[in-house]
$ cat coords-v2.pdb   # PDB, C-alpha atoms, pLDDT in the B column
MODEL        1
ATOM      1  CA  MET Q   1       4.703  46.585 -41.263  1.00 47.00           C
ATOM      2  CA  LEU Q   2       5.646  43.579 -39.129  1.00 43.00           C
ATOM      3  CA  ARG Q   3       3.363  44.825 -36.347  1.00 48.00           C
ATOM      4  CA  LYS Q   4       0.424  45.045 -38.764  1.00 48.00           C
ATOM      5  CA  VAL Q   5       0.967  41.403 -39.700  1.00 43.00           C
ATOM      6  CA  LEU Q   6       1.532  40.127 -36.144  1.00 42.00           C
ATOM      7  CA  ILE Q   7      -1.497  41.734 -34.496  1.00 46.00           C
ATOM      8  CA  PRO Q   8      -4.095  39.966 -36.687  1.00 43.00           C
ATOM      9  CA  PHE Q   9      -2.145  36.703 -36.397  1.00 41.00           C
ATOM     10  CA  VAL Q  10      -2.118  36.852 -32.575  1.00 41.00           C
ATOM     11  CA  ALA Q  11      -5.813  37.772 -32.554  1.00 41.00           C
ATOM     12  CA  LEU Q  12      -6.556  34.744 -34.748  1.00 37.00           C
ATOM     13  CA  LEU Q  13      -4.664  32.460 -32.370  1.00 41.00           C
ATOM     14  CA  LEU Q  14      -6.522  33.819 -29.363  1.00 41.00           C
ATOM     15  CA  THR Q  15      -9.925  33.386 -30.942  1.00 37.00           C
ATOM     16  CA  THR Q  16      -9.262  29.875 -32.251  1.00 40.00           C
ATOM     17  CA  SER Q  17      -7.521  28.389 -29.204  1.00 45.00           C
ATOM     18  CA  GLY Q  18      -9.803  26.119 -27.229  1.00 44.00           C
ATOM     19  CA  VAL Q  19     -12.470  26.152 -29.965  1.00 52.00           C
ATOM     20  CA  SER Q  20     -12.847  22.374 -29.810  1.00 76.00           C
ATOM     21  CA  ALA Q  21     -12.592  22.218 -26.004  1.00 90.00           C
ATOM     22  CA  ALA Q  22     -15.719  21.114 -24.194  1.00 96.00           C
ATOM     23  CA  THR Q  23     -16.805  20.570 -20.605  1.00 98.00           C
ATOM     24  CA  TYR Q  24     -16.779  17.003 -19.331  1.00 98.00           C
ATOM     25  CA  GLU Q  25     -18.297  15.874 -16.039  1.00 98.00           C
ATOM     26  CA  VAL Q  26     -16.772  12.990 -14.068  1.00 98.00           C
ATOM     27  CA  ASP Q  27     -18.894   9.828 -14.048  1.00 97.00           C
ATOM     28  CA  PRO Q  28     -18.279   8.414 -10.544  1.00 96.00           C
ATOM     29  CA  ALA Q  29     -19.806   5.046 -11.471  1.00 95.00           C
ATOM     30  CA  HIS Q  30     -17.007   4.515 -13.992  1.00 96.00           C
ATOM     31  CA  SER Q  31     -14.153   6.314 -12.232  1.00 98.00           C
ATOM     32  CA  GLN Q  32     -11.766   5.628  -9.355  1.00 98.00           C
ATOM     33  CA  VAL Q  33      -9.887   7.820  -6.883  1.00 98.00           C
ATOM     34  CA  HIS Q  34      -7.453   5.707  -4.871  1.00 98.00           C
ATOM     35  CA  PHE Q  35      -4.305   5.895  -2.759  1.00 98.00           C
ATOM     36  CA  THR Q  36      -1.502   3.757  -1.355  1.00 97.00           C
ATOM     37  CA  VAL Q  37       0.519   4.406   1.816  1.00 95.00           C
ATOM     38  CA  ALA Q  38       3.140   2.395   3.718  1.00 91.00           C
ATOM     39  CA  HIS Q  39       1.939   0.700   6.911  1.00 84.00           C
ATOM     40  CA  LEU Q  40       4.210  -0.777   9.610  1.00 79.00           C
ATOM     41  CA  VAL Q  41       7.168  -0.304   7.224  1.00 71.00           C
ATOM     42  CA  VAL Q  42       6.704  -3.725   5.580  1.00 76.00           C
ATOM     43  CA  PHE Q  43       3.193  -3.405   4.134  1.00 85.00           C
ATOM     44  CA  LYS Q  44       1.146  -1.052   1.984  1.00 95.00           C
ATOM     45  CA  VAL Q  45      -2.462  -0.110   2.630  1.00 95.00           C
ATOM     46  CA  ARG Q  46      -4.592   0.675  -0.390  1.00 97.00           C
ATOM     47  CA  GLY Q  47      -7.809   2.613  -0.199  1.00 98.00           C
ATOM     48  CA  ALA Q  48     -10.211   4.725  -2.194  1.00 98.00           C
ATOM     49  CA  PHE Q  49     -12.740   7.503  -1.944  1.00 98.00           C
ATOM     50  CA  THR Q  50     -16.146   6.482  -3.242  1.00 98.00           C
ATOM     51  CA  ASP Q  51     -17.980   9.848  -3.302  1.00 98.00           C
ATOM     52  CA  PHE Q  52     -16.470  12.497  -5.569  1.00 98.00           C
ATOM     53  CA  SER Q  53     -17.293  14.833  -8.441  1.00 98.00           C
ATOM     54  CA  GLY Q  54     -15.400  16.917 -10.942  1.00 98.00           C
ATOM     55  CA  THR Q  55     -15.266  18.632 -14.300  1.00 98.00           C
ATOM     56  CA  ALA Q  56     -12.638  19.071 -16.983  1.00 97.00           C
ATOM     57  CA  GLN Q  57     -12.265  21.306 -19.989  1.00 97.00           C
ATOM     58  CA  ALA Q  58     -10.904  18.900 -22.589  1.00 96.00           C
ATOM     59  CA  ASP Q  59     -10.004  19.126 -26.255  1.00 96.00           C
ATOM     60  CA  THR Q  60     -10.411  15.550 -27.434  1.00 92.00           C
ATOM     61  CA  ALA Q  61      -9.183  16.351 -30.951  1.00 93.00           C
ATOM     62  CA  ALA Q  62      -5.875  17.674 -29.583  1.00 95.00           C
ATOM     63  CA  LYS Q  63      -5.878  15.110 -26.723  1.00 96.00           C
ATOM     64  CA  THR Q  64      -5.334  17.855 -24.170  1.00 95.00           C
ATOM     65  CA  LEU Q  65      -6.842  19.221 -20.982  1.00 95.00           C
ATOM     66  CA  GLU Q  66      -7.326  22.926 -20.361  1.00 96.00           C
ATOM     67  CA  SER Q  67      -8.564  22.818 -16.762  1.00 97.00           C
ATOM     68  CA  VAL Q  68      -9.628  20.354 -14.082  1.00 97.00           C
ATOM     69  CA  SER Q  69     -11.492  20.709 -10.791  1.00 98.00           C
ATOM     70  CA  ALA Q  70     -12.616  18.052  -8.338  1.00 98.00           C
ATOM     71  CA  THR Q  71     -14.247  17.604  -4.941  1.00 98.00           C
ATOM     72  CA  ILE Q  72     -13.917  14.474  -2.782  1.00 98.00           C
ATOM     73  CA  ASN Q  73     -16.090  13.802   0.257  1.00 98.00           C
ATOM     74  CA  THR Q  74     -13.686  12.691   2.983  1.00 98.00           C
ATOM     75  CA  SER Q  75     -16.253  10.558   4.818  1.00 98.00           C
ATOM     76  CA  SER Q  76     -16.332   8.230   1.794  1.00 98.00           C
ATOM     77  CA  ILE Q  77     -12.840   6.852   2.520  1.00 98.00           C
ATOM     78  CA  ASP Q  78     -12.758   3.059   2.157  1.00 98.00           C
ATOM     79  CA  THR Q  79      -9.793   0.819   3.001  1.00 97.00           C
ATOM     80  CA  ARG Q  80     -12.025  -2.271   3.457  1.00 96.00           C
ATOM     81  CA  ILE Q  81     -11.507  -2.231   7.257  1.00 96.00           C
ATOM     82  CA  GLU Q  82     -14.244  -0.339   9.129  1.00 97.00           C
ATOM     83  CA  LYS Q  83     -12.154   0.284  12.250  1.00 97.00           C
ATOM     84  CA  ARG Q  84      -9.320   1.769  10.182  1.00 95.00           C
ATOM     85  CA  ASP Q  85     -11.751   3.845   8.098  1.00 98.00           C
ATOM     86  CA  ASN Q  86     -13.291   5.293  11.263  1.00 98.00           C
ATOM     87  CA  HIS Q  87      -9.812   6.187  12.539  1.00 96.00           C
ATOM     88  CA  LEU Q  88      -9.048   7.903   9.210  1.00 97.00           C
ATOM     89  CA  ARG Q  89     -12.302   9.891   9.542  1.00 98.00           C
ATOM     90  CA  SER Q  90     -11.364  11.006  13.067  1.00 97.00           C
ATOM     91  CA  GLU Q  91      -9.478  14.100  14.244  1.00 97.00           C
ATOM     92  CA  ASP Q  92      -6.221  12.122  13.950  1.00 95.00           C
ATOM     93  CA  PHE Q  93      -6.517  12.237  10.163  1.00 96.00           C
ATOM     94  CA  PHE Q  94      -9.218  13.777   7.937  1.00 97.00           C
ATOM     95  CA  ALA Q  95     -11.434  15.208  10.727  1.00 98.00           C
ATOM     96  CA  VAL Q  96     -14.440  14.771   8.453  1.00 98.00           C
ATOM     97  CA  GLU Q  97     -16.831  16.688  10.726  1.00 98.00           C
ATOM     98  CA  ARG Q  98     -14.737  19.858  10.382  1.00 98.00           C
ATOM     99  CA  PHE Q  99     -13.267  19.226   6.920  1.00 98.00           C
ATOM    100  CA  PRO Q 100     -15.843  17.319   4.880  1.00 98.00           C
ATOM    101  CA  GLN Q 101     -14.169  17.833   1.507  1.00 98.00           C
ATOM    102  CA  ILE Q 102     -10.877  17.588  -0.324  1.00 98.00           C
ATOM    103  CA  LYS Q 103     -10.640  19.993  -3.268  1.00 98.00           C
ATOM    104  CA  PHE Q 104      -8.390  20.219  -6.305  1.00 98.00           C
ATOM    105  CA  VAL Q 105      -8.218  23.019  -8.884  1.00 98.00           C
ATOM    106  CA  SER Q 106      -5.702  22.988 -11.731  1.00 98.00           C
ATOM    107  CA  THR Q 107      -3.466  26.015 -12.219  1.00 98.00           C
ATOM    108  CA  LYS Q 108      -1.448  24.897 -15.259  1.00 98.00           C
ATOM    109  CA  ILE Q 109      -1.615  21.946 -17.658  1.00 98.00           C
ATOM    110  CA  VAL Q 110       1.071  21.061 -20.204  1.00 98.00           C
ATOM    111  CA  GLY Q 111       1.460  18.270 -22.729  1.00 97.00           C
ATOM    112  CA  SER Q 112      -0.966  16.082 -24.603  1.00 97.00           C
ATOM    113  CA  GLY Q 113      -1.855  12.466 -25.290  1.00 97.00           C
ATOM    114  CA  SER Q 114       0.102  10.087 -23.076  1.00 97.00           C
ATOM    115  CA  ASP Q 115       2.294  12.845 -21.602  1.00 98.00           C
ATOM    116  CA  ILE Q 116       0.186  15.373 -19.684  1.00 98.00           C
ATOM    117  CA  THR Q 117       1.343  17.163 -16.544  1.00 98.00           C
ATOM    118  CA  VAL Q 118      -1.284  18.810 -14.364  1.00 98.00           C
ATOM    119  CA  TYR Q 119      -0.241  21.353 -11.735  1.00 98.00           C
ATOM    120  CA  GLY Q 120      -2.852  22.434  -9.249  1.00 98.00           C
ATOM    121  CA  ASN Q 121      -3.853  23.385  -5.740  1.00 98.00           C
ATOM    122  CA  LEU Q 122      -4.895  20.516  -3.485  1.00 98.00           C
ATOM    123  CA  THR Q 123      -6.730  21.405  -0.273  1.00 98.00           C
ATOM    124  CA  ILE Q 124      -6.995  18.946   2.624  1.00 98.00           C
ATOM    125  CA  ARG Q 125      -7.963  20.067   6.150  1.00 98.00           C
ATOM    126  CA  ASP Q 126      -7.908  23.687   4.940  1.00 97.00           C
ATOM    127  CA  GLN Q 127      -4.217  23.302   4.021  1.00 98.00           C
ATOM    128  CA  THR Q 128      -3.597  24.134   0.358  1.00 98.00           C
ATOM    129  CA  ARG Q 129      -0.446  23.051  -1.463  1.00 98.00           C
ATOM    130  CA  GLU Q 130       0.500  22.905  -5.119  1.00 98.00           C
ATOM    131  CA  ILE Q 131       0.917  19.361  -6.391  1.00 98.00           C
ATOM    132  CA  MET Q 132       1.831  17.784  -9.716  1.00 98.00           C
ATOM    133  CA  LEU Q 133       0.060  14.880 -11.402  1.00 98.00           C
ATOM    134  CA  LYS Q 134       1.373  12.978 -14.416  1.00 98.00           C
ATOM    135  CA  GLY Q 135      -1.321  11.667 -16.667  1.00 96.00           C
ATOM    136  CA  SER Q 136      -2.662  10.534 -19.990  1.00 97.00           C
ATOM    137  CA  TYR Q 137      -5.628  11.163 -22.232  1.00 96.00           C
ATOM    138  CA  LEU Q 138      -6.993   7.674 -22.953  1.00 96.00           C
ATOM    139  CA  GLY Q 139      -9.406   8.469 -25.783  1.00 94.00           C
ATOM    140  CA  SER Q 140     -13.021   9.367 -26.403  1.00 94.00           C
ATOM    141  CA  GLN Q 141     -16.075   7.818 -28.028  1.00 94.00           C
ATOM    142  CA  LYS Q 142     -19.856   7.608 -27.800  1.00 95.00           C
ATOM    143  CA  ASP Q 143     -21.305   5.330 -25.162  1.00 93.00           C
ATOM    144  CA  GLY Q 144     -24.308   3.048 -25.652  1.00 92.00           C
ATOM    145  CA  TRP Q 145     -26.711   5.949 -25.027  1.00 93.00           C
ATOM    146  CA  GLY Q 146     -25.130   8.365 -27.494  1.00 95.00           C
ATOM    147  CA  ASN Q 147     -23.179  10.400 -24.923  1.00 95.00           C
ATOM    148  CA  GLN Q 148     -19.669  11.541 -25.797  1.00 96.00           C
ATOM    149  CA  VAL Q 149     -17.297  10.210 -23.124  1.00 97.00           C
ATOM    150  CA  ALA Q 150     -13.555  10.617 -22.585  1.00 96.00           C
ATOM    151  CA  GLY Q 151     -11.064   8.788 -20.410  1.00 97.00           C
ATOM    152  CA  PHE Q 152      -8.126  10.141 -18.416  1.00 97.00           C
ATOM    153  CA  GLU Q 153      -5.705   8.742 -15.853  1.00 98.00           C
ATOM    154  CA  ALA Q 154      -3.172  10.363 -13.541  1.00 98.00           C
ATOM    155  CA  THR Q 155      -0.803   9.552 -10.703  1.00 98.00           C
ATOM    156  CA  GLY Q 156       1.150  11.577  -8.180  1.00 98.00           C
ATOM    157  CA  THR Q 157       2.737  11.554  -4.744  1.00 98.00           C
ATOM    158  CA  ILE Q 158       2.073  13.875  -1.822  1.00 98.00           C
ATOM    159  CA  ASN Q 159       3.428  14.150   1.693  1.00 97.00           C
ATOM    160  CA  ARG Q 160       0.451  13.863   4.047  1.00 96.00           C
ATOM    161  CA  LYS Q 161       2.171  16.019   6.695  1.00 96.00           C
ATOM    162  CA  ASP Q 162       1.983  18.977   4.292  1.00 97.00           C
ATOM    163  CA  PHE Q 163      -1.793  18.844   4.773  1.00 97.00           C
ATOM    164  CA  GLY Q 164      -1.934  18.511   8.551  1.00 94.00           C
ATOM    165  CA  LEU Q 165      -2.227  14.707   8.537  1.00 93.00           C
ATOM    166  CA  THR Q 166       0.514  14.211  11.101  1.00 93.00           C
ATOM    167  CA  TRP Q 167      -0.695  11.370  13.353  1.00 93.00           C
ATOM    168  CA  ASN Q 168       1.789   8.525  13.767  1.00 88.00           C
ATOM    169  CA  LYS Q 169       3.341   6.108  16.251  1.00 83.00           C
ATOM    170  CA  VAL Q 170       6.960   5.012  16.409  1.00 81.00           C
ATOM    171  CA  LEU Q 171       7.333   1.243  16.243  1.00 74.00           C
ATOM    172  CA  GLU Q 172       9.323  -0.714  18.823  1.00 73.00           C
ATOM    173  CA  GLY Q 173      11.842  -1.835  16.196  1.00 74.00           C
ATOM    174  CA  GLY Q 174      12.055   1.620  14.612  1.00 73.00           C
ATOM    175  CA  GLY Q 175      10.093   3.097  11.789  1.00 74.00           C
ATOM    176  CA  LEU Q 176       6.620   4.576  11.764  1.00 76.00           C
ATOM    177  CA  THR Q 177       3.154   3.054  11.774  1.00 81.00           C
ATOM    178  CA  VAL Q 178       2.042   5.121   8.761  1.00 91.00           C
ATOM    179  CA  GLY Q 179       4.273   6.336   5.948  1.00 92.00           C
ATOM    180  CA  GLU Q 180       4.424  10.028   5.120  1.00 94.00           C
ATOM    181  CA  GLU Q 181       4.403   9.681   1.316  1.00 95.00           C
ATOM    182  CA  VAL Q 182       1.033   8.873  -0.219  1.00 97.00           C
ATOM    183  CA  GLU Q 183       0.720   7.671  -3.794  1.00 98.00           C
ATOM    184  CA  ILE Q 184      -2.509   8.828  -5.412  1.00 98.00           C
ATOM    185  CA  GLY Q 185      -4.129   7.536  -8.570  1.00 98.00           C
ATOM    186  CA  LEU Q 186      -7.077   8.541 -10.706  1.00 97.00           C
ATOM    187  CA  GLU Q 187      -8.873   6.652 -13.456  1.00 98.00           C
ATOM    188  CA  ILE Q 188     -11.565   8.924 -14.801  1.00 97.00           C
ATOM    189  CA  GLN Q 189     -14.376   8.488 -17.304  1.00 97.00           C
ATOM    190  CA  ALA Q 190     -16.161  11.772 -17.985  1.00 97.00           C
ATOM    191  CA  LYS Q 191     -19.237  12.675 -20.024  1.00 97.00           C
ATOM    192  CA  LYS Q 192     -19.529  15.718 -22.252  1.00 97.00           C
ATOM    193  CA  ILE Q 193     -22.165  18.143 -20.949  1.00 95.00           C
TER
ENDMDL
END

$ encode --input "coords-v2.pdb" --output "structure tokens"
Amino acid sequence: MLRKVLIPFVALLLTTSGVSAATYEVDPAHSQVHFTVAHLVVFKVRGAFTDFSGTAQADTAAKTLESVSATINTSSIDTRIEKRDNHLRSEDFFAVERFPQIKFVSTKIVGSGSDITVYGNLTIRDQTREIMLKGSYLGSQKDGWGNQVAGFEATGTINRKDFGLTWNKVLEGGGLTVGEEVEIGLEIQAKKI
């Protein structure tokens, strides 16, 4: 008897989950992908990528994400210093000629509202590692043109050496020119498609 009750209940859950989820496309004009890394031990360099795209399956009523994927063009790195940006594009770092894109695909997302954790595979220089991002759903509304938009933000930390970004120089007084830990941040506005 219990089985006869449970089977329809489970089927109902499966058919109703994700009913209000929709696909949202990242609006790069109103989004930011940035990073911070230690430089010469006593300073931090901040930079961003200016050319990226992505989609998310989001349930704005439940304030949750079901999946996320993104692509970043490595040549779009911008730290406001052309010489440094060219070095970052070189074989010492992103090797943009051979590895033109960074990719991220979520594998598991838990939580809702201001407490969302996104687990996923990040690929840089053909090296794929699972990372974790902590984030928030910021809300949704219609823009001035009648499009439904939603906002999300997330932060995380990766070790650049895990992705083959190993270049460094030891300083005369000790320490390294470039830190190994990289803080990443995302502020995303996405449009329902």

$ atom_distance --input "coords-v2.pdb" --atom1 "atom CA of Met132 of chain Q" --atom2 "atom CA of Gly113 of chain Q"
16.9 Å

$ closest_residue --input "coords-v2.pdb" --among "Q:Ile131, Q:Leu186, Q:Val178, Q:Ile72" --to "Phe43 of chain Q" --atoms "only C-alpha atoms"
Q:Val178

$ atom_distance --input "coords-v2.pdb" --atom1 "atom CA of Ser53 of chain Q" --atom2 "atom CA of Thr74 of chain Q"
12.2 Å

$ residues_around --input "coords-v2.pdb" --residues "Ser31 of chain Q" --least-positions-apart "4" --cutoff "6 Å" --atoms "only C-alpha atoms" --output "MDAnalysis selection string"
chainID Q and resid 187:189

$ write_last_selection --input "coords-v2.pdb" --atoms "C-alpha atoms" --output "PDB file, keeping the file's coordinate frame"
ATOM      1  CA  GLU Q 187      -8.873   6.652 -13.456  1.00 98.00           C
ATOM      2  CA  ILE Q 188     -11.565   8.924 -14.801  1.00 97.00           C
ATOM      3  CA  GLN Q 189     -14.376   8.488 -17.304  1.00 97.00           C
TER       4      GLN Q 189
END

$ resolve_selection --input "coords-v2.pdb" --expression "the PyMOL selection byres ((chain Q and resi 161-164) around 7)" --output "list in words"
Ile124, Arg125, Gln127, Asn159, Arg160, Leu165, Thr166 and Glu180 of chain Q

$ closest_residue --input "coords-v2.pdb" --among "Q:Gly120, Q:Gly47, Q:Gly144, Q:Trp167" --to "Ser90 of chain Q" --atoms "only C-alpha atoms"
Q:Trp167

$ resolve_selection --input "coords-v2.pdb" --expression "the PyMOL selection byres ((chain Q and resi 153) around 9)" --output "PyMOL selection string"
chain Q and resi 134-138+151-152+154-155+185-189

$ write_last_selection --input "coords-v2.pdb" --atoms "C-alpha atoms" --output "short mmCIF file (atom, residue, chain, number, x, y, z; two decimals), keeping the file's coordinate frame"
data_model
loop_
_atom_site.label_atom_id
_atom_site.label_comp_id
_atom_site.auth_asym_id
_atom_site.auth_seq_id
_atom_site.Cartn_x
_atom_site.Cartn_y
_atom_site.Cartn_z
CA LYS Q 134 1.37 12.98 -14.42
CA GLY Q 135 -1.32 11.67 -16.67
CA SER Q 136 -2.66 10.53 -19.99
CA TYR Q 137 -5.63 11.16 -22.23
CA LEU Q 138 -6.99 7.67 -22.95
CA GLY Q 151 -11.06 8.79 -20.41
CA PHE Q 152 -8.13 10.14 -18.42
CA ALA Q 154 -3.17 10.36 -13.54
CA THR Q 155 -0.80 9.55 -10.70
CA GLY Q 185 -4.13 7.54 -8.57
CA LEU Q 186 -7.08 8.54 -10.71
CA GLU Q 187 -8.87 6.65 -13.46
CA ILE Q 188 -11.56 8.92 -14.80
CA GLN Q 189 -14.38 8.49 -17.30
#

$ resolve_selection --input "coords-v2.pdb" --expression "the PyMOL selection byres ((chain Q and resi 96-107) around 7)" --output "ChimeraX atom specification"
/Q:67-75,89-90,94-95,108,118-125

$ closest_residue --input "coords-v2.pdb" --among "Q:Asp27, Q:Asp78, Q:Glu66, Q:Asp92" --to "Gly54 of chain Q" --atoms "all atoms listed in the file"
Q:Asp27

$ closest_residue --input "coords-v2.pdb" --among "Q:Phe49, Q:Ala22, Q:Phe93, Q:Thr60" --to "Arg80 of chain Q" --atoms "all atoms listed in the file"
Q:Phe49

$ atom_distance --input "coords-v2.pdb" --atom1 "atom CA of Lys169 of chain Q" --atom2 "atom CA of His39 of chain Q"
10.9 Å

$ residues_near_point --input "coords-v2.pdb" --point "(-15.5, 5.2, -6.4)" --cutoff "9 Å" --atoms "only C-alpha atoms" --output "NGL selection string"
:Q and (28-34 or 48-52 or 76)

$ residues_around --input "coords-v2.pdb" --residues "Ser20 of chain Q" --least-positions-apart "5" --cutoff "9 Å" --atoms "only C-alpha atoms" --output "short mmCIF file (atom, residue, chain, number, x, y, z; two decimals) with C-alpha atoms, in the frame of the given file"
data_model
loop_
_atom_site.label_atom_id
_atom_site.label_comp_id
_atom_site.auth_asym_id
_atom_site.auth_seq_id
_atom_site.Cartn_x
_atom_site.Cartn_y
_atom_site.Cartn_z
CA ALA Q 58 -10.90 18.90 -22.59
CA ASP Q 59 -10.00 19.13 -26.26
CA THR Q 60 -10.41 15.55 -27.43
CA ALA Q 61 -9.18 16.35 -30.95
CA ALA Q 62 -5.88 17.67 -29.58
#

$ residues_near_point --input "coords-v2.pdb" --point "(-17.3, 6.1, -22.8)" --cutoff "10 Å" --atoms "all atoms listed in the file" --output "PDB file with C-alpha atoms, keeping the file's coordinate frame"
ATOM      1  CA  ASP Q  27     -18.894   9.828 -14.048  1.00 97.00           C
ATOM      2  CA  HIS Q  30     -17.007   4.515 -13.992  1.00 96.00           C
ATOM      3  CA  GLY Q 139      -9.406   8.469 -25.783  1.00 94.00           C
ATOM      4  CA  SER Q 140     -13.021   9.367 -26.403  1.00 94.00           C
ATOM      5  CA  GLN Q 141     -16.075   7.818 -28.028  1.00 94.00           C
ATOM      6  CA  LYS Q 142     -19.856   7.608 -27.800  1.00 95.00           C
ATOM      7  CA  ASP Q 143     -21.305   5.330 -25.162  1.00 93.00           C
ATOM      8  CA  GLY Q 144     -24.308   3.048 -25.652  1.00 92.00           C
ATOM      9  CA  TRP Q 145     -26.711   5.949 -25.027  1.00 93.00           C
ATOM     10  CA  GLY Q 146     -25.130   8.365 -27.494  1.00 95.00           C
ATOM     11  CA  ASN Q 147     -23.179  10.400 -24.923  1.00 95.00           C
ATOM     12  CA  GLN Q 148     -19.669  11.541 -25.797  1.00 96.00           C
ATOM     13  CA  VAL Q 149     -17.297  10.210 -23.124  1.00 97.00           C
ATOM     14  CA  ALA Q 150     -13.555  10.617 -22.585  1.00 96.00           C
ATOM     15  CA  GLY Q 151     -11.064   8.788 -20.410  1.00 97.00           C
ATOM     16  CA  GLN Q 189     -14.376   8.488 -17.304  1.00 97.00           C
ATOM     17  CA  ALA Q 190     -16.161  11.772 -17.985  1.00 97.00           C
ATOM     18  CA  LYS Q 191     -19.237  12.675 -20.024  1.00 97.00           C
ATOM     19  CA  LYS Q 192     -19.529  15.718 -22.252  1.00 97.00           C
TER      20      LYS Q 192
END

$ closest_residue --input "coords-v2.pdb" --among "Q:Leu88, Q:Thr128, Q:Glu82, Q:Leu40" --to "Gly174 of chain Q" --atoms "only C-alpha atoms"
Q:Leu40

$ closest_residue --input "coords-v2.pdb" --among "Q:Ala21, Q:Val170, Q:Ile158, Q:Ala38" --to "Glu130 of chain Q" --atoms "all atoms listed in the file"
Q:Ile158

$ residues_around --input "coords-v2.pdb" --residues "Phe35 of chain Q" --least-positions-apart "3" --cutoff "6 Å" --atoms "all atoms listed in the file" --output "JSON, numbers by chain"
{"Q": [46, 47, 183, 184]}
